[in-house]
>>> print(open('coords-v7.tsv').read())   # TSV, N, CA and C atoms
chain	number	residue	atom	x	y	z
A	1	MET	N	-8.69	13.27	-5.06
A	1	MET	CA	-7.81	12.37	-4.35
A	1	MET	C	-8.57	11.09	-4.01
A	2	LYS	N	-7.87	9.98	-4.05
A	2	LYS	CA	-8.45	8.68	-3.72
A	2	LYS	C	-7.85	8.19	-2.41
A	3	LEU	N	-8.65	7.44	-1.64
A	3	LEU	CA	-8.17	6.87	-0.40
A	3	LEU	C	-6.92	6.02	-0.63
A	4	SER	N	-6.88	5.28	-1.72
A	4	SER	CA	-5.73	4.41	-2.01
A	4	SER	C	-4.43	5.20	-2.14
A	5	GLU	N	-4.52	6.47	-2.49
A	5	GLU	CA	-3.33	7.32	-2.61
A	5	GLU	C	-2.75	7.70	-1.25
A	6	LEU	N	-3.53	7.52	-0.20
A	6	LEU	CA	-3.11	7.91	1.14
A	6	LEU	C	-2.55	6.75	1.97
A	7	ILE	N	-2.69	5.52	1.47
A	7	ILE	CA	-2.24	4.34	2.22
A	7	ILE	C	-0.76	4.11	1.95
A	8	LYS	N	0.00	3.99	3.05
A	8	LYS	CA	1.45	3.79	2.96
A	8	LYS	C	1.79	2.34	3.27
A	9	SER	N	2.92	1.87	2.74
A	9	SER	CA	3.33	0.50	3.01
A	9	SER	C	4.79	0.38	3.41
A	10	ALA	N	5.51	1.49	3.51
A	10	ALA	CA	6.91	1.46	3.92
A	10	ALA	C	7.04	2.12	5.29
A	11	ASP	N	7.94	1.61	6.10
A	11	ASP	CA	8.12	2.17	7.43
A	11	ASP	C	8.66	3.59	7.36
A	12	TRP	N	8.35	4.35	8.39
A	12	TRP	CA	8.65	5.77	8.42
A	12	TRP	C	9.51	6.09	9.63
A	13	LYS	N	10.64	6.75	9.40
A	13	LYS	CA	11.57	7.15	10.46
A	13	LYS	C	11.91	5.97	11.36
A	14	SER	N	11.89	6.18	12.68
A	14	SER	CA	12.28	5.12	13.61
A	14	SER	C	11.08	4.39	14.20
A	15	GLU	N	9.89	4.67	13.70
A	15	GLU	CA	8.69	4.01	14.21
A	15	GLU	C	8.21	2.98	13.20
A	16	LYS	N	7.55	1.98	13.71
A	16	LYS	CA	6.94	0.98	12.84
A	16	LYS	C	5.45	1.22	12.80
A	17	HIS	N	4.92	1.38	11.61
A	17	HIS	CA	3.49	1.59	11.42
A	17	HIS	C	2.85	0.46	10.62
A	18	VAL	N	3.65	-0.19	9.77
A	18	VAL	CA	3.13	-1.24	8.90
A	18	VAL	C	2.66	-2.42	9.74
A	19	PRO	N	1.43	-2.87	9.56
A	19	PRO	CA	0.98	-4.03	10.31
A	19	PRO	C	1.73	-5.29	9.86
A	20	VAL	N	2.17	-6.07	10.83
A	20	VAL	CA	2.88	-7.31	10.56
A	20	VAL	C	1.87	-8.45	10.63
A	21	ILE	N	1.89	-9.33	9.62
A	21	ILE	CA	0.97	-10.46	9.57
A	21	ILE	C	1.76	-11.73	9.81
A	22	HIS	N	1.43	-12.45	10.89
A	22	HIS	CA	2.04	-13.75	11.18
A	22	HIS	C	1.00	-14.82	10.88
A	23	VAL	N	1.38	-15.84	10.11
A	23	VAL	CA	0.46	-16.91	9.73
A	23	VAL	C	1.04	-18.24	10.19
A	24	ALA	N	0.22	-19.04	10.87
A	24	ALA	CA	0.63	-20.38	11.30
A	24	ALA	C	-0.50	-21.35	10.99
A	25	LYS	N	-0.17	-22.47	10.37
A	25	LYS	CA	-1.19	-23.48	10.08
A	25	LYS	C	-1.30	-24.41	11.28
A	26	GLU	N	-2.53	-24.68	11.70
A	26	GLU	CA	-2.82	-25.57	12.82
A	26	GLU	C	-3.89	-26.55	12.36
A	27	ALA	N	-3.47	-27.73	11.91
A	27	ALA	CA	-4.40	-28.74	11.36
A	27	ALA	C	-5.19	-28.11	10.22
A	28	ASP	N	-6.52	-28.01	10.35
A	28	ASP	CA	-7.35	-27.43	9.30
A	28	ASP	C	-7.51	-25.91	9.44
A	29	ASP	N	-7.03	-25.38	10.55
A	29	ASP	CA	-7.17	-23.95	10.82
A	29	ASP	C	-5.93	-23.18	10.41
A	30	ILE	N	-6.12	-21.91	10.19
A	30	ILE	CA	-5.02	-20.98	9.96
A	30	ILE	C	-5.11	-19.94	11.06
A	31	LYS	N	-4.04	-19.82	11.85
A	31	LYS	CA	-4.01	-18.81	12.90
A	31	LYS	C	-3.28	-17.60	12.36
A	32	VAL	N	-3.93	-16.45	12.43
A	32	VAL	CA	-3.36	-15.22	11.91
A	32	VAL	C	-3.26	-14.22	13.07
A	33	CYS	N	-2.08	-13.67	13.25
A	33	CYS	CA	-1.86	-12.61	14.23
A	33	CYS	C	-1.41	-11.36	13.48
A	34	VAL	N	-1.99	-10.25	13.80
A	34	VAL	CA	-1.63	-8.97	13.19
A	34	VAL	C	-1.24	-8.02	14.32
A	35	SER	N	-0.10	-7.36	14.15
A	35	SER	CA	0.36	-6.43	15.17
A	35	SER	C	1.14	-5.30	14.52
A	36	VAL	N	1.33	-4.24	15.28
A	36	VAL	CA	2.15	-3.12	14.85
A	36	VAL	C	3.22	-2.92	15.92
A	37	GLY	N	4.47	-2.82	15.50
A	37	GLY	CA	5.55	-2.56	16.44
A	37	GLY	C	6.25	-3.81	16.92
A	38	ASP	N	6.35	-4.84	16.10
A	38	ASP	CA	7.03	-6.07	16.51
A	38	ASP	C	8.50	-5.83	16.83
A	39	GLU	N	9.20	-5.16	15.94
A	39	GLU	CA	10.64	-4.94	16.11
A	39	GLU	C	10.94	-3.63	16.83
A	40	ILE	N	10.30	-2.58	16.42
A	40	ILE	CA	10.45	-1.27	17.04
A	40	ILE	C	9.06	-0.83	17.48
A	41	ALA	N	8.92	-0.59	18.76
A	41	ALA	CA	7.60	-0.26	19.30
A	41	ALA	C	7.07	1.05	18.73
A	42	HIS	N	5.79	1.04	18.46
A	42	HIS	CA	5.10	2.26	18.07
A	42	HIS	C	4.69	2.98	19.35
A	43	PRO	N	4.76	4.32	19.38
A	43	PRO	CA	4.29	5.02	20.58
A	43	PRO	C	2.85	4.64	20.91
A	44	ASN	N	2.56	4.59	22.16
A	44	ASN	CA	1.24	4.21	22.60
A	44	ASN	C	0.81	5.20	23.69
A	45	THR	N	0.49	6.41	23.24
A	45	THR	CA	0.08	7.47	24.16
A	45	THR	C	-1.23	8.06	23.67
A	46	LEU	N	-1.85	8.85	24.50
A	46	LEU	CA	-3.08	9.52	24.09
A	46	LEU	C	-2.83	10.38	22.86
A	47	GLU	N	-1.66	11.00	22.80
A	47	GLU	CA	-1.34	11.90	21.69
A	47	GLU	C	-0.95	11.17	20.42
A	48	HIS	N	-0.42	9.94	20.52
A	48	HIS	CA	0.13	9.23	19.36
A	48	HIS	C	-0.03	7.73	19.56
A	49	HIS	N	-0.91	7.12	18.76
A	49	HIS	CA	-1.21	5.69	18.94
A	49	HIS	C	-1.80	5.06	17.68
A	50	ILE	N	-1.81	3.73	17.68
A	50	ILE	CA	-2.54	2.99	16.65
A	50	ILE	C	-3.97	2.87	17.14
A	51	ALA	N	-4.90	3.49	16.43
A	51	ALA	CA	-6.29	3.53	16.86
A	51	ALA	C	-7.06	2.27	16.47
A	52	TRP	N	-6.75	1.71	15.28
A	52	TRP	CA	-7.45	0.51	14.85
A	52	TRP	C	-6.66	-0.25	13.79
A	53	MET	N	-7.04	-1.52	13.62
A	53	MET	CA	-6.50	-2.39	12.57
A	53	MET	C	-7.65	-3.21	12.00
A	54	LYS	N	-7.51	-3.58	10.75
A	54	LYS	CA	-8.49	-4.46	10.10
A	54	LYS	C	-7.74	-5.52	9.31
A	55	LEU	N	-8.34	-6.70	9.22
A	55	LEU	CA	-7.78	-7.79	8.43
A	55	LEU	C	-8.82	-8.23	7.41
A	56	PHE	N	-8.39	-8.33	6.16
A	56	PHE	CA	-9.25	-8.76	5.05
A	56	PHE	C	-8.65	-9.98	4.38
A	57	PHE	N	-9.48	-10.72	3.66
A	57	PHE	CA	-9.04	-11.85	2.84
A	57	PHE	C	-9.63	-11.70	1.45
A	58	VAL	N	-8.78	-11.85	0.44
A	58	VAL	CA	-9.24	-11.84	-0.95
A	58	VAL	C	-8.91	-13.19	-1.55
A	59	PRO	N	-9.92	-14.02	-1.86
A	59	PRO	CA	-9.65	-15.32	-2.47
A	59	PRO	C	-8.99	-15.15	-3.83
A	60	GLU	N	-8.13	-16.09	-4.16
A	60	GLU	CA	-7.43	-16.06	-5.45
A	60	GLU	C	-8.44	-15.96	-6.59
A	61	GLY	N	-8.20	-15.05	-7.52
A	61	GLY	CA	-9.08	-14.86	-8.66
A	61	GLY	C	-10.27	-13.97	-8.41
A	62	LYS	N	-10.43	-13.48	-7.20
A	62	LYS	CA	-11.56	-12.60	-6.86
A	62	LYS	C	-11.06	-11.17	-6.70
A	63	GLN	N	-11.98	-10.23	-6.69
A	63	GLN	CA	-11.64	-8.81	-6.57
A	63	GLN	C	-12.27	-8.14	-5.35
A	64	ILE	N	-13.06	-8.89	-4.59
A	64	ILE	CA	-13.77	-8.29	-3.47
A	64	ILE	C	-13.22	-8.85	-2.16
A	65	PRO	N	-12.73	-7.97	-1.27
A	65	PRO	CA	-12.21	-8.46	0.01
A	65	PRO	C	-13.33	-8.81	0.99
A	66	VAL	N	-13.04	-9.78	1.83
A	66	VAL	CA	-13.93	-10.16	2.92
A	66	VAL	C	-13.29	-9.68	4.21
A	67	GLU	N	-14.02	-8.90	5.00
A	67	GLU	CA	-13.46	-8.46	6.27
A	67	GLU	C	-13.45	-9.63	7.24
A	68	VAL	N	-12.27	-9.95	7.77
A	68	VAL	CA	-12.09	-11.10	8.65
A	68	VAL	C	-12.16	-10.67	10.12
A	69	ALA	N	-11.47	-9.60	10.47
A	69	ALA	CA	-11.41	-9.17	11.87
A	69	ALA	C	-11.12	-7.69	11.96
A	70	SER	N	-11.54	-7.10	13.09
A	70	SER	CA	-11.27	-5.69	13.38
A	70	SER	C	-10.78	-5.57	14.81
A	71	TYR	N	-9.90	-4.61	15.02
A	71	TYR	CA	-9.38	-4.31	16.35
A	71	TYR	C	-9.52	-2.81	16.55
A	72	VAL	N	-10.09	-2.40	17.66
A	72	VAL	CA	-10.20	-0.98	17.99
A	72	VAL	C	-9.59	-0.80	19.37
A	73	ALA	N	-8.60	0.05	19.47
A	73	ALA	CA	-7.97	0.35	20.75
A	73	ALA	C	-8.73	1.49	21.41
A	74	SER	N	-9.16	1.27	22.62
A	74	SER	CA	-9.96	2.28	23.32
A	74	SER	C	-9.21	2.93	24.47
A	75	ALA	N	-8.10	2.33	24.92
A	75	ALA	CA	-7.36	2.88	26.06
A	75	ALA	C	-5.98	3.33	25.60
A	76	HIS	N	-5.71	4.61	25.75
A	76	HIS	CA	-4.43	5.19	25.32
A	76	HIS	C	-3.81	6.00	26.45
A	77	GLY	N	-3.95	5.53	27.67
A	77	GLY	CA	-3.34	6.20	28.81
A	77	GLY	C	-4.31	6.64	29.88
A	78	GLU	N	-5.60	6.50	29.62
A	78	GLU	CA	-6.58	6.84	30.64
A	78	GLU	C	-6.34	5.94	31.86
A	79	SER	N	-6.27	6.53	33.04
A	79	SER	CA	-6.01	5.79	34.29
A	79	SER	C	-4.77	4.91	34.18
A	80	ASP	N	-3.77	5.39	33.43
A	80	ASP	CA	-2.52	4.64	33.22
A	80	ASP	C	-2.74	3.28	32.59
A	81	LEU	N	-3.78	3.13	31.79
A	81	LEU	CA	-4.07	1.89	31.07
A	81	LEU	C	-3.75	2.09	29.60
A	82	PHE	N	-2.98	1.17	29.03
A	82	PHE	CA	-2.57	1.26	27.64
A	82	PHE	C	-2.87	-0.05	26.93
A	83	THR	N	-3.27	0.02	25.68
A	83	THR	CA	-3.49	-1.18	24.87
A	83	THR	C	-2.36	-1.29	23.84
A	84	GLU	N	-2.01	-2.51	23.51
A	84	GLU	CA	-1.01	-2.76	22.47
A	84	GLU	C	-1.74	-3.17	21.20
A	85	PRO	N	-1.32	-2.65	20.04
A	85	PRO	CA	-2.00	-2.98	18.78
A	85	PRO	C	-1.66	-4.40	18.32
A	86	SER	N	-2.51	-5.34	18.72
A	86	SER	CA	-2.31	-6.74	18.37
A	86	SER	C	-3.66	-7.45	18.36
A	87	MET	N	-3.87	-8.31	17.37
A	87	MET	CA	-5.09	-9.12	17.32
A	87	MET	C	-4.76	-10.46	16.70
A	88	SER	N	-5.54	-11.48	17.05
A	88	SER	CA	-5.35	-12.79	16.44
A	88	SER	C	-6.71	-13.40	16.14
A	89	VAL	N	-6.72	-14.24	15.11
A	89	VAL	CA	-7.95	-14.88	14.68
A	89	VAL	C	-7.61	-16.23	14.05
A	90	LYS	N	-8.49	-17.20	14.23
A	90	LYS	CA	-8.35	-18.48	13.54
A	90	LYS	C	-9.38	-18.51	12.43
A	91	LEU	N	-8.98	-19.02	11.29
A	91	LEU	CA	-9.92	-19.11	10.18
A	91	LEU	C	-9.68	-20.37	9.39
A	92	LYS	N	-10.66	-20.73	8.60
A	92	LYS	CA	-10.56	-21.84	7.65
A	92	LYS	C	-10.78	-21.24	6.28
A	93	ALA	N	-9.84	-21.49	5.39
A	93	ALA	CA	-9.96	-20.98	4.02
A	93	ALA	C	-9.93	-22.16	3.08
A	94	ASN	N	-10.97	-22.30	2.28
A	94	ASN	CA	-11.04	-23.39	1.31
A	94	ASN	C	-10.35	-23.04	0.01
A	95	ALA	N	-9.80	-21.84	-0.06
A	95	ALA	CA	-9.11	-21.40	-1.27
A	95	ALA	C	-7.87	-20.62	-0.88
A	96	LYS	N	-6.89	-20.60	-1.77
A	96	LYS	CA	-5.73	-19.75	-1.56
A	96	LYS	C	-6.17	-18.30	-1.75
A	97	GLY	N	-5.35	-17.41	-1.25
A	97	GLY	CA	-5.69	-16.00	-1.41
A	97	GLY	C	-4.69	-15.11	-0.71
A	98	THR	N	-5.10	-13.88	-0.50
A	98	THR	CA	-4.23	-12.87	0.09
A	98	THR	C	-4.89	-12.27	1.32
A	99	LEU	N	-4.13	-12.22	2.41
A	99	LEU	CA	-4.55	-11.49	3.59
A	99	LEU	C	-4.06	-10.05	3.44
A	100	LEU	N	-4.90	-9.10	3.76
A	100	LEU	CA	-4.53	-7.69	3.72
A	100	LEU	C	-4.80	-7.09	5.10
A	101	ALA	N	-3.79	-6.46	5.67
A	101	ALA	CA	-3.95	-5.81	6.97
A	101	ALA	C	-3.83	-4.31	6.78
A	102	LEU	N	-4.65	-3.58	7.51
A	102	LEU	CA	-4.67	-2.13	7.44
A	102	LEU	C	-4.62	-1.60	8.87
A	103	SER	N	-3.74	-0.63	9.13
A	103	SER	CA	-3.68	-0.03	10.46
A	103	SER	C	-3.78	1.49	10.32
A	104	TYR	N	-4.24	2.13	11.41
A	104	TYR	CA	-4.41	3.58	11.39
A	104	TYR	C	-3.71	4.21	12.59
A	105	CYS	N	-2.70	5.03	12.31
A	105	CYS	CA	-2.01	5.81	13.32
A	105	CYS	C	-2.68	7.19	13.34
A	106	ASN	N	-3.03	7.66	14.53
A	106	ASN	CA	-3.76	8.92	14.60
A	106	ASN	C	-2.93	10.12	14.12
A	107	ILE	N	-1.62	9.96	13.99
A	107	ILE	CA	-0.78	11.06	13.50
A	107	ILE	C	-0.29	10.82	12.07
A	108	HIS	N	0.06	9.57	11.74
A	108	HIS	CA	0.70	9.28	10.45
A	108	HIS	C	-0.17	8.53	9.47
A	109	GLY	N	-1.45	8.34	9.78
A	109	GLY	CA	-2.40	7.84	8.80
A	109	GLY	C	-2.46	6.34	8.63
A	110	LEU	N	-2.80	5.94	7.39
A	110	LEU	CA	-3.10	4.55	7.05
A	110	LEU	C	-1.86	3.82	6.53
A	111	TRP	N	-1.74	2.54	6.96
A	111	TRP	CA	-0.61	1.69	6.59
A	111	TRP	C	-1.14	0.31	6.25
A	112	GLU	N	-0.50	-0.35	5.26
A	112	GLU	CA	-0.98	-1.67	4.85
A	112	GLU	C	0.15	-2.66	4.69
A	113	ASN	N	-0.24	-3.93	4.69
A	113	ASN	CA	0.68	-5.04	4.41
A	113	ASN	C	-0.17	-6.20	3.88
A	114	THR	N	0.49	-7.12	3.17
A	114	THR	CA	-0.22	-8.28	2.62
A	114	THR	C	0.59	-9.54	2.88
A	115	GLU	N	-0.11	-10.67	2.86
A	115	GLU	CA	0.52	-11.97	3.02
A	115	GLU	C	-0.30	-13.01	2.25
A	116	GLU	N	0.38	-13.78	1.42
A	116	GLU	CA	-0.30	-14.83	0.67
A	116	GLU	C	-0.51	-16.04	1.55
A	117	ILE	N	-1.68	-16.68	1.44
A	117	ILE	CA	-1.92	-17.95	2.14
A	117	ILE	C	-2.48	-18.97	1.17
>>> encode(input="coords-v7.tsv", output="structure tokens")
Amino acid sequence: MKLSELIKSADWKSEKHVPVIHVAKEADDIKVCVSVGDEIAHPNTLEHHIAWMKLFFVPEGKQIPVEVASYVASAHGESDLFTEPSMSVKLKANAKGTLLALSYCNIHGLWENTEEI
């Protein structure tokens, strides 16, 4: 079995697992926000949560991704504190390419999405 065979990209049941990539150009910068549960909230409990997300960039014509940002959620209800799966980053890209987001649900596994920039 390959890891790529385990990554899902379609939403499942009534929960949203696929990371959503929002891109906004700001002068020379590109602001990227990645989140899970924009339209339908993903459960955020100790038993069921998004544990982490990663954002990669693959320049056009290349085959090797560059890791841009990582998000790790550490609070899932301890002392009634909860984190929401969301991260943002500003970047400068001198080439067109593809953003790839990956999220991990502790119950339903790996989920991906892409966005061209």
>>> residues_around(input="coords-v7.tsv", residues="range 71-81 of chain A", least_positions_apart="4", cutoff="6 Å", atoms="only N, CA and C atoms", output="ChimeraX atom specification")
/A:44-46,50-54
>>> closest_residue(input="coords-v7.tsv", among="A:Ala27, A:Gln63, A:Lys16, A:Ile117", to="Lys96 in chain A", atoms="only N, CA and C atoms")
A:Ile117
>>> residues_around(input="coords-v7.tsv", residues="range 103-105 of chain A", least_positions_apart="4", cutoff="8 Å", atoms="all atoms listed in the file", output="list in words")
His17, Val18, Pro19, Val36, His48, His49, Ile50, Ala51, Trp52, Met53, Lys54, Leu55, Gly109, Leu110, Trp111, Glu112 and Asn113 of chain A
>>> atom_distance(input="coords-v7.tsv", atom1="CA of His22 in chain A", atom2="CA of Val34 in chain A")
6.4 Å
>>> residues_around(input="coords-v7.tsv", residues="Ala93 in chain A", least_positions_apart="5", cutoff="8 Å", atoms="all atoms listed in the file", output="list in words")
Asp28, Asp29 and Ile30 of chain A
>>> select_by_dssp(input="coords-v7.tsv", residues="chain A", states="strand (DSSP E or B)", output="VMD selection string")
chain A and resid 8 12 15 20 to 26 29 to 35 50 to 59 66 to 72 76 82 86 to 91 97 to 105 109 to 116
>>> closest_residue(input="coords-v7.tsv", among="A:Ile64, A:Ala10, A:Val32, A:Val58", to="Gly97 in chain A", atoms="only N, CA and C atoms")
A:Val58
>>> atom_distance(input="coords-v7.tsv", atom1="CA of Glu115 in chain A", atom2="atom C of Gly61 in chain A")
15.8 Å
>>> residues_around(input="coords-v7.tsv", residues="Val89 in chain A", least_positions_apart="6", cutoff="8 Å", atoms="only C-alpha atoms", output="MDAnalysis selection string")
chainID A and resid 31:33 69
>>> closest_residue(input="coords-v7.tsv", among="A:Ile107, A:Leu6, A:Val20, A:Leu100", to="Ser86 in chain A", atoms="only C-alpha atoms")
A:Val20
>>> atom_distance(input="coords-v7.tsv", atom1="CA of Pro85 in chain A", atom2="CA of Gly37 in chain A")
7.9 Å
>>> closest_residue(input="coords-v7.tsv", among="A:Met1, A:Glu47, A:Glu60, A:Lys25", to="Ala95 in chain A", atoms="all atoms listed in the file")
A:Glu60
